[in-house]
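As structure tokens, the structure follows; a few thoughts come after it.
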Amino acid sequence: MSDTSSQLHVNGDVHSVPADGQTPLLYALRNDLGLTAARFGCGLGQCGACHVLIDGRSVAACDTPLWSCEDKHITTLEGLHNDPWMQALMQAFEQEQAVQCGYCVNGILITARTLLQAQPQPSEAQIIEALEGHLCRCGTHWRFVRAIQRAAQIREHTSP
């Protein structure tokens with residue numbers, strides 16, 4: 001018989017979630033912890049709407065079982081409010097009008113932040129490759145690319 005609760009390290013806090021280890025991380029984040037920035041899209045890890053950071057890596061939360069998150073640090077978009085890269089990204093996304101319906105954007109922001117942290121001045125090709133696992137039904141992919149490029153410029157001019 002599996003455990004009926006899981007311990008999660010989310011946004012700097014430890015939470016006991018009343019769910020067994022096979023429960024998708026996305027369900028625990030949204031239903032048990034009230035963190036709704038990661039969204040349900042496909043349930044198969046193919047659309048990117050549910051991305052969160054697990055130990056600094058952008059991961060689809062919809063197909064990540066809780067057991068695999070044990071002793072790992074999970075960060076949702078809510079946990080990145082004061083992050084300098086995220087602030088630059090949000091400013092750039094607004095300036096480039098890269099948000100249409102907004103459903104996919106939270107996952108894209110998570111992945112873009114991961115990319116920019118690893119590669120502060122990514123090429124267009126690197127951005128496109130990083131966003132490969134994200135779908136946008138509104139067709140604003142090129143605006144995302146421009147916004148990520150702009151965020152890199154913003155950070156370059158504002159970092160100490």
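Ligands are numbered from 1 in the order shown, residues from 1 within each chain, and chains are lettered A, B, ... in the order they appear in the structure tokens.
DSSP on the backbone gives strand (DSSP E or B) for these parts of region 5-94 of chain A: Ser6, Gln7, Leu8, His9, Val10, Asp13, Val14, His15, Ser16, Val17, Pro24, His51, Val52, Leu53, Ile54, Arg57, Ser58, Val59, Ala60, Pro65, His73, Ile74 and Thr75 of chain A.
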Write out as a PDB file with N, CA and C atoms, in the first residue's frame the residues lying within 10 Å of Gln126 (chain A), counting only C-alpha atoms and excluding same-chain residues fewer than 5 positions away.
ATOM      1  N   LEU A 115      16.271  29.147 -19.319  1.00  0.00           N
ATOM      2  CA  LEU A 115      17.189  29.392 -20.434  1.00  0.00           C
ATOM      3  C   LEU A 115      18.073  30.602 -20.149  1.00  0.00           C
ATOM      4  N   GLN A 119      21.954  30.768 -20.011  1.00  0.00           N
ATOM      5  CA  GLN A 119      22.535  31.420 -21.188  1.00  0.00           C
ATOM      6  C   GLN A 119      21.971  32.849 -21.249  1.00  0.00           C
ATOM      7  N   GLN A 121      22.519  35.487 -22.852  1.00  0.00           N
ATOM      8  CA  GLN A 121      22.348  36.109 -24.178  1.00  0.00           C
ATOM      9  C   GLN A 121      22.100  35.008 -25.221  1.00  0.00           C
ATOM     10  N   LEU A 131      11.951  26.485 -26.348  1.00  0.00           N
ATOM     11  CA  LEU A 131      10.484  26.551 -26.341  1.00  0.00           C
ATOM     12  C   LEU A 131       9.822  25.433 -27.142  1.00  0.00           C
ATOM     13  N   GLU A 132      10.635  24.504 -27.631  1.00  0.00           N
ATOM     14  CA  GLU A 132      10.123  23.433 -28.480  1.00  0.00           C
ATOM     15  C   GLU A 132       8.969  22.650 -27.837  1.00  0.00           C
ATOM     16  N   VAL A 145       9.748  34.790 -28.697  1.00  0.00           N
ATOM     17  CA  VAL A 145      11.168  34.839 -29.021  1.00  0.00           C
ATOM     18  C   VAL A 145      11.684  36.272 -28.843  1.00  0.00           C
TER      19      VAL A 145
END
Original post:
Closest to Ala147 (chain A) among A:Ala49, A:Ile74, A:Leu25, A:Ala92, using only C-alpha atoms?
Top reply: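 For Ala147 (chain A), the nearest of the candidates is A:Ala92.
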Subject >> Residue contacts of Ser5 (chain A) (10 Å, only C-alpha atoms) excluding same-chain residues fewer than 4 positions away, as an NGL selection string >> reply: :A and (15-21 or 66)
Original post:
Using only C-alpha atoms, which residue out of A:Val14, A:Cys42, A:Ile127, A:Ile148 lies closest to Glu94 (chain A)?
Top reply: A:Ile148
